[in-house]
Amino acid sequence: MAKIAFILLCHKDAPSIIQQAERLTATGDYVSIHFDARAKAADFAAITEALADNAGVTFAKKRIKCGWGQWSLVQASLLAVEAAVEAFPKATHFYMLSGDCASVKSAPYAHKFLDARDVDYVESFDFFNSNWIKTGFKGERLFYRHWFNERQHKRLFYASYHLQRRLGLARRVPDDIQVMIGSQWWCLRRKTIEAILTFSKVRADVIRFFKTTWIPDETYFQTLVRHLVPAREIESRTLTFKMFSDYGMPVTFYNDQYDLLISQDYLFARKISPEADLLKRRLGALWNSDRKDFATSKEGPKLHAFLTGRGRVGKRFGTRFWERESTLGADRDLYMLVCKKWHVAKRLLKTASDKVDVRGIEYLFDEAGCRVPHLGGIERTLEKRNRHRRALMRMLFDYYGTERLMICLDPANLDLMRDFMSDRANARILELQCNFDDQYLVGHAHRVGLATEDTPGEVIQRMLPTLRHEFLDESAAIREEEFPRHFRLREGRSSTENGAVLSEFFGIEPDLAQELAETQHLFAD
């Protein structure tokens with residue numbers, strides 16, 4: 001059975017480090033700690049004293065001062081790895097962790113997971129041909145020597161880089177090495193770790209090269225594993241769940257995200273908030289439990305963005321000045337059918353197009369596949385349609401040679417409603433307010449990519465209240481705009497009541513409006 005030696009790099013929060021080590025070793029696994037030499041001596045003393053009698057804990061024989069982006073992080077890792085290899089001969093796997101990490105599965109589950117395949121788990125992507133680095137330096141990380149810490153000595157860091165460029169001091173990667181890149185949170189087998197330690201002792205040229213590369217903790221182990229281990233024995237992924245915000249910063253997890261974390265297809269997660277004591281206790285208890293029945297999914301990033309991103313959606317493209325000054329036409333009528341259930345609005349649009357003298361176009365601002373006539377390219381993408389909304393509508397009025405158009409809109413497209421309702425044209429909104437049962441909400445989650453066929457049922461159930469509230473909030477937001485010509489058709493009302501609304505909305509006779517209200521299966525799913 002797998003026995004894990006956790007390589008724990010940490011620099012603060014001694015009480016949490018002690019608890020973390022005690023929890024991880026309580027199941028028969030091991031911990032090797034490197035505590036940053038920059039940290040308080042009193043904190044390190046507290047850790048060593050508290051764990052002195054724990055046979056499953058060892059410490060790096062030397063503590064060094066660590067700096068982000070520097071070789072010191074790799075050096076600290078190697079020191080902790082060496083201590084673990086020597087102290088724990090029964091360890092089969094070596095798992096890199098930080099003090100901000102926590103387990104999101106039980107120890108029996110983790111052991112079984114590692115026993116299932118004889119592979120190393122490490123992100124290992126080609127440095128130059130992959131898209132792992134999104135912004136900033138790429139080749140410059142390797143080709144130039146970086147002696148200064150970019151965060152602590154920014155001016156020296158960049159002055160050194162620019163001087164080397166001017167003097168043509170670019171260097172080459174060692175000939176037999178293909179540099180790889182990936183997350184520093186790896187889990188490697190014992191034979192791989194031993195091969196890396198041996199290689200590090202005999203290849204001084206490679207050590208010299210990586211000592212002055214930038215952010216080597218993302219390249220050193222990743223490169224050596226690929227160099228020393230057959231590709232078939234490498235699973236190029238991390239077992240530590242991590243996410244980054246749209247600002248490029250690591251996402252921090254809090255007490256209320258326990259269910260989200262344990263449902264992901266990972267063994268650990270980072271970063272856990274230092275204040276999330278309840279979350280740490282629950283995850284610690286989970287690690288020490290016998291639970292093995294985890295329903296996992298891979299929708300963590302989408303779920304997190306959905307559950308935390310409500311209300312933070314900005315307006316990427318501002319309206320052009322020539323669109324603000326233009327109008328659809330003062331004598332033109334624009335009828336907007338607003339409904340979250342697109343099939344309901346489409347049914348009414350089809351019936352109204354047949355019975356009322358109004359040309360209908362479906363969700364042209366929400367659905368890329370909506371049929372729109374060729375208008376010179378402005379209609380090709382949703383982005384273009386929304387950005388040039390007034391110009392597009394004017395062209396559609398002209399194309400069809402009509403003064404009356406009817407379109408469907410998703411309730412989330414409030415900005416577009418504001419724009420059209422502020423126009424000099426006679427624009428009006430008919431909101432079709434539907435009931436949303438769980439079955440529909442589950443289907444919606446699948447349609448928008450919040451869930452897949454593999455998403456556990458309990459994960460989807462936790463999503464449903466948020467989805468339902470989102471739909472209600474969209475309707476409330478429309479109501480709060482207090483548009484002067486805002487009409488509401490409601491599922492559950494009598495056809496007589498809805499007919500009266502349709503009569504006023506379209507300006508048609510009550511009998512014809514009643515026919516529209518009685519559209520067969522109008523609100524059916």
# chains A, B, ... in the order shown; residues from 1 in each chain; ligands from 1
>>> select_by_dssp(residues="segment 178-317 of chain A", states="alpha helix (DSSP H)", output="VMD selection string")
chain A and resid 190 to 202 204 to 211 220 to 228 258 to 262 277 to 287 300 to 308
>>> closest_residue(among="A:Gln439, A:Trp214, A:Phe506, A:Gln184", to="Leu334 of chain A", atoms="only C-alpha atoms")
A:Phe506
>>> closest_residue(among="A:Ala368, A:Leu328, A:Val202, A:Ala46", to="Asp398 of chain A", atoms="only C-alpha atoms")
A:Leu328
>>> atom_distance(atom1="atom CA of Phe244 of chain A", atom2="atom CA of Ala445 of chain A")
22.4 Å
>>> closest_residue(among="A:Asn386, A:Thr496, A:Thr327, A:Gln152", to="Leu414 of chain A", atoms="only C-alpha atoms")
A:Asn386
>>> residues_around(residues="Leu432 of chain A", least_positions_apart="6", cutoff="10 Å", atoms="only C-alpha atoms", output="CSV table (one decimal) with N, CA, C and O atoms, in the first residue's frame")
chain,number,residue,atom,x,y,z
A,337,LEU,N,-39.5,40.4,-26.7
A,337,LEU,CA,-40.0,39.3,-25.9
A,337,LEU,C,-38.9,38.8,-25.0
A,337,LEU,O,-37.9,38.2,-25.5
A,338,VAL,N,-39.0,39.0,-23.7
A,338,VAL,CA,-37.9,38.7,-22.8
A,338,VAL,C,-38.3,37.5,-22.0
A,338,VAL,O,-39.3,37.5,-21.2
A,339,CYS,N,-37.5,36.4,-22.1
A,339,CYS,CA,-37.8,35.2,-21.4
A,339,CYS,C,-36.6,34.3,-21.2
A,339,CYS,O,-35.7,34.2,-22.1
A,340,LYS,N,-36.4,33.7,-20.0
A,340,LYS,CA,-35.3,32.9,-19.7
A,340,LYS,C,-35.4,31.5,-20.4
A,340,LYS,O,-34.4,30.9,-20.8
A,341,LYS,N,-36.7,31.1,-20.6
A,341,LYS,CA,-36.9,29.8,-21.3
A,341,LYS,C,-37.1,30.2,-22.8
A,341,LYS,O,-38.1,30.6,-23.2
A,342,TRP,N,-36.0,30.0,-23.5
A,342,TRP,CA,-36.0,30.5,-24.9
A,342,TRP,C,-37.0,29.9,-25.7
A,342,TRP,O,-37.6,30.5,-26.6
A,344,VAL,N,-40.0,29.1,-24.9
A,344,VAL,CA,-41.3,29.7,-24.7
A,344,VAL,C,-41.4,31.0,-25.5
A,344,VAL,O,-42.4,31.3,-26.2
A,345,ALA,N,-40.4,31.9,-25.5
A,345,ALA,CA,-40.4,33.1,-26.3
A,345,ALA,C,-40.5,32.8,-27.8
A,345,ALA,O,-41.2,33.5,-28.5
A,348,LEU,N,-44.1,32.0,-28.8
A,348,LEU,CA,-45.0,33.1,-28.9
A,348,LEU,C,-44.6,34.0,-30.1
A,348,LEU,O,-45.4,34.5,-30.8
A,411,PRO,N,-33.3,37.6,-20.3
A,411,PRO,CA,-33.4,38.6,-19.2
A,411,PRO,C,-32.0,39.1,-18.7
A,411,PRO,O,-32.0,40.2,-18.2
A,475,SER,N,-35.1,39.1,-13.2
A,475,SER,CA,-36.5,39.7,-13.3
A,475,SER,C,-36.6,40.9,-12.4
A,475,SER,O,-37.2,41.9,-12.9
A,487,PHE,N,-44.4,45.1,-20.0
A,487,PHE,CA,-45.6,44.3,-19.8
A,487,PHE,C,-45.1,42.9,-19.3
A,487,PHE,O,-44.0,42.5,-19.6
A,488,ARG,N,-46.0,42.2,-18.6
A,488,ARG,CA,-45.7,40.9,-18.0
A,488,ARG,C,-46.7,39.9,-18.3
A,488,ARG,O,-47.9,40.1,-18.0
A,489,LEU,N,-46.3,38.8,-19.0
A,489,LEU,CA,-47.1,37.6,-19.2
A,489,LEU,C,-46.7,36.5,-18.2
A,489,LEU,O,-45.5,36.2,-18.1
A,490,ARG,N,-47.6,36.0,-17.4
A,490,ARG,CA,-47.2,35.1,-16.4
A,490,ARG,C,-47.7,33.7,-16.6
A,490,ARG,O,-48.9,33.5,-16.8
A,491,GLU,N,-46.9,32.7,-16.4
A,491,GLU,CA,-47.3,31.3,-16.4
A,491,GLU,C,-48.2,31.1,-15.1
A,491,GLU,O,-47.8,31.5,-14.0
A,523,PHE,N,-46.2,27.6,-22.4
A,523,PHE,CA,-45.2,27.5,-21.3
A,523,PHE,C,-44.7,26.1,-21.0
A,523,PHE,O,-43.9,26.0,-20.1
